[in-house]
Amino acid sequence: MAASRRAQVLRLYRALLRESQSFSAYGYRTYAIRRIRDAFRENKNIKDSEEIETLMNKAKASLEIIHRQKRLSHAGHMTWKLSEDKHRFPLPVK
């Protein structure tokens with residue numbers, strides 16, 4: 001793996017761990033950290049650059065999911081109910 005690629009992977013790994021620390025729920029936080037560590041450890045010996053790129057894209061998508069989840073949790077805890085109209089769209093209830 002090229003040095004720059006290795007640096008990118010390590011930067012992504014650290015970002016995922018850092019963002020996972022922001023989960024307020026202990027169970028979510030420890031699960032996310034464990035899954036990140038396990039996934040990177042499992043794939044550390046991969047040499048194929050296309051496969052590395054695919055895995056990095058998956059990790060970037062996971063990082064976006066963590067960002068989105070963090071924004072939702074900071075916006076306040078919402079519960080959902082079905083609306084009474086014919087389309088049955090969920091409405092937030094505070």
# chains A, B, ... in the order shown; residues from 1 in each chain; ligands from 1
>>> residues_around(residues="A:Val9", least_positions_apart="5", cutoff="10 Å", atoms="only C-alpha atoms", output="list in words")
Ala3, Ser4, Arg14, Ala15, Phe40, Lys44, Ile52, Glu53, Leu55, Met56 and Ala59 of chain A
>>> residues_around(residues="A:Arg34", least_positions_apart="6", cutoff="12 Å", atoms="only C-alpha atoms", output="PyMOL selection string")
chain A and resi 16-17+20-21+27-28+40-42
>>> write_last_selection(atoms="C-alpha atoms", output="JSON list (two decimals), in the first residue's frame")
[["chain", "number", "residue", "atom", "x", "y", "z"],
["A", 16, "LEU", "CA", -14.63, 6.96, 12.36],
["A", 17, "LEU", "CA", -13.42, 6.28, 15.90],
["A", 20, "SER", "CA", -18.26, 7.13, 17.17],
["A", 21, "GLN", "CA", -17.20, 8.52, 20.55],
["A", 27, "GLY", "CA", -24.32, 0.43, 23.76],
["A", 28, "TYR", "CA", -24.25, 2.23, 20.41],
["A", 40, "PHE", "CA", -10.11, -2.49, 9.83],
["A", 41, "ARG", "CA", -8.22, -5.32, 11.56],
["A", 42, "GLU", "CA", -9.90, -7.89, 9.31]]
>>> closest_residue(among="A:Leu12, A:Tyr26, A:Ile36, A:Lys70", to="A:Asn57", atoms="only C-alpha atoms")
A:Leu12
>>> atom_distance(atom1="atom CA of A:Leu63", atom2="atom CA of A:Asn45")
21.9 Å
>>> select_by_dssp(residues="stretch 4-47 of chain A", states="alpha helix (DSSP H)", output="ChimeraX atom specification")
/A:4-20,26-42
>>> write_last_selection(atoms="N, CA, C and O atoms", output="short mmCIF file (atom, residue, chain, number, x, y, z; two decimals), in the first residue's frame")
data_model
loop_
_atom_site.label_atom_id
_atom_site.label_comp_id
_atom_site.auth_asym_id
_atom_site.auth_seq_id
_atom_site.Cartn_x
_atom_site.Cartn_y
_atom_site.Cartn_z
N SER A 4 0.81 7.32 0.86
CA SER A 4 -0.31 8.26 0.89
C SER A 4 -1.64 7.54 1.10
O SER A 4 -2.52 8.04 1.80
N ARG A 5 -1.79 6.38 0.50
CA ARG A 5 -3.01 5.58 0.68
C ARG A 5 -3.12 5.12 2.13
O ARG A 5 -4.17 5.17 2.74
N ARG A 6 -1.98 4.72 2.70
CA ARG A 6 -1.96 4.30 4.10
C ARG A 6 -2.37 5.45 5.00
O ARG A 6 -3.16 5.26 5.94
N ALA A 7 -1.88 6.64 4.72
CA ALA A 7 -2.25 7.82 5.51
C ALA A 7 -3.73 8.11 5.39
O ALA A 7 -4.38 8.47 6.38
N GLN A 8 -4.29 7.95 4.19
CA GLN A 8 -5.72 8.17 3.99
C GLN A 8 -6.55 7.18 4.80
O GLN A 8 -7.55 7.55 5.43
N VAL A 9 -6.13 5.93 4.79
CA VAL A 9 -6.85 4.89 5.53
C VAL A 9 -6.79 5.18 7.03
O VAL A 9 -7.80 5.10 7.72
N LEU A 10 -5.60 5.54 7.52
CA LEU A 10 -5.47 5.84 8.95
C LEU A 10 -6.29 7.07 9.34
O LEU A 10 -6.89 7.10 10.41
N ARG A 11 -6.32 8.07 8.47
CA ARG A 11 -7.12 9.27 8.74
C ARG A 11 -8.61 8.92 8.81
O ARG A 11 -9.33 9.38 9.69
N LEU A 12 -9.05 8.07 7.91
CA LEU A 12 -10.44 7.63 7.90
C LEU A 12 -10.76 6.80 9.15
O LEU A 12 -11.81 6.97 9.77
N TYR A 13 -9.85 5.92 9.53
CA TYR A 13 -10.01 5.10 10.73
C TYR A 13 -10.16 5.99 11.96
O TYR A 13 -11.08 5.81 12.77
N ARG A 14 -9.28 6.97 12.10
CA ARG A 14 -9.34 7.87 13.25
C ARG A 14 -10.62 8.69 13.26
O ARG A 14 -11.23 8.92 14.31
N ALA A 15 -11.04 9.14 12.08
CA ALA A 15 -12.27 9.92 11.99
C ALA A 15 -13.48 9.08 12.42
O ALA A 15 -14.36 9.58 13.14
N LEU A 16 -13.53 7.85 11.97
CA LEU A 16 -14.63 6.96 12.36
C LEU A 16 -14.65 6.73 13.88
O LEU A 16 -15.71 6.81 14.51
N LEU A 17 -13.48 6.48 14.45
CA LEU A 17 -13.42 6.28 15.90
C LEU A 17 -13.80 7.54 16.66
O LEU A 17 -14.55 7.49 17.64
N ARG A 18 -13.31 8.67 16.20
CA ARG A 18 -13.60 9.95 16.86
C ARG A 18 -15.10 10.25 16.83
O ARG A 18 -15.69 10.63 17.84
N GLU A 19 -15.71 10.08 15.68
CA GLU A 19 -17.14 10.36 15.55
C GLU A 19 -17.98 9.36 16.34
O GLU A 19 -19.03 9.71 16.86
N SER A 20 -17.52 8.14 16.42
CA SER A 20 -18.26 7.13 17.17
C SER A 20 -18.27 7.43 18.66
O SER A 20 -19.18 7.03 19.38
N TYR A 26 -24.25 4.29 25.57
CA TYR A 26 -23.07 3.44 25.75
C TYR A 26 -23.08 2.24 24.79
O TYR A 26 -22.06 1.92 24.19
N GLY A 27 -24.22 1.61 24.62
CA GLY A 27 -24.32 0.43 23.76
C GLY A 27 -23.99 0.74 22.31
O GLY A 27 -23.24 0.00 21.66
N TYR A 28 -24.54 1.82 21.78
CA TYR A 28 -24.25 2.23 20.41
C TYR A 28 -22.78 2.57 20.25
O TYR A 28 -22.14 2.21 19.27
N ARG A 29 -22.26 3.31 21.22
CA ARG A 29 -20.87 3.76 21.16
C ARG A 29 -19.91 2.58 21.14
O ARG A 29 -19.03 2.48 20.27
N THR A 30 -20.07 1.65 22.07
CA THR A 30 -19.15 0.52 22.14
C THR A 30 -19.31 -0.42 20.94
O THR A 30 -18.31 -0.95 20.43
N TYR A 31 -20.54 -0.58 20.47
CA TYR A 31 -20.76 -1.42 19.29
C TYR A 31 -20.07 -0.81 18.07
O TYR A 31 -19.38 -1.51 17.32
N ALA A 32 -20.25 0.49 17.86
CA ALA A 32 -19.65 1.15 16.70
C ALA A 32 -18.13 1.05 16.74
O ALA A 32 -17.49 0.72 15.73
N ILE A 33 -17.56 1.32 17.89
CA ILE A 33 -16.09 1.27 18.02
C ILE A 33 -15.58 -0.15 17.78
O ILE A 33 -14.59 -0.35 17.06
N ARG A 34 -16.27 -1.13 18.34
CA ARG A 34 -15.86 -2.52 18.14
C ARG A 34 -15.93 -2.92 16.67
O ARG A 34 -15.02 -3.54 16.14
N ARG A 35 -17.03 -2.54 16.00
CA ARG A 35 -17.19 -2.88 14.58
C ARG A 35 -16.13 -2.21 13.71
O ARG A 35 -15.61 -2.82 12.78
N ILE A 36 -15.82 -0.96 14.00
CA ILE A 36 -14.80 -0.25 13.24
C ILE A 36 -13.45 -0.93 13.41
O ILE A 36 -12.75 -1.23 12.42
N ARG A 37 -13.07 -1.20 14.64
CA ARG A 37 -11.77 -1.86 14.90
C ARG A 37 -11.71 -3.23 14.25
O ARG A 37 -10.70 -3.59 13.62
N ASP A 38 -12.77 -4.00 14.38
CA ASP A 38 -12.79 -5.34 13.79
C ASP A 38 -12.69 -5.30 12.27
O ASP A 38 -11.95 -6.08 11.68
N ALA A 39 -13.42 -4.39 11.65
CA ALA A 39 -13.42 -4.30 10.19
C ALA A 39 -12.05 -3.90 9.66
O ALA A 39 -11.54 -4.48 8.70
N PHE A 40 -11.42 -2.91 10.30
CA PHE A 40 -10.11 -2.49 9.83
C PHE A 40 -9.06 -3.57 10.10
O PHE A 40 -8.17 -3.80 9.27
N ARG A 41 -9.16 -4.24 11.23
CA ARG A 41 -8.22 -5.32 11.56
C ARG A 41 -8.38 -6.48 10.57
O ARG A 41 -7.39 -7.05 10.11
N GLU A 42 -9.62 -6.78 10.23
CA GLU A 42 -9.90 -7.89 9.31
C GLU A 42 -9.36 -7.61 7.91
O GLU A 42 -8.93 -8.53 7.21
#
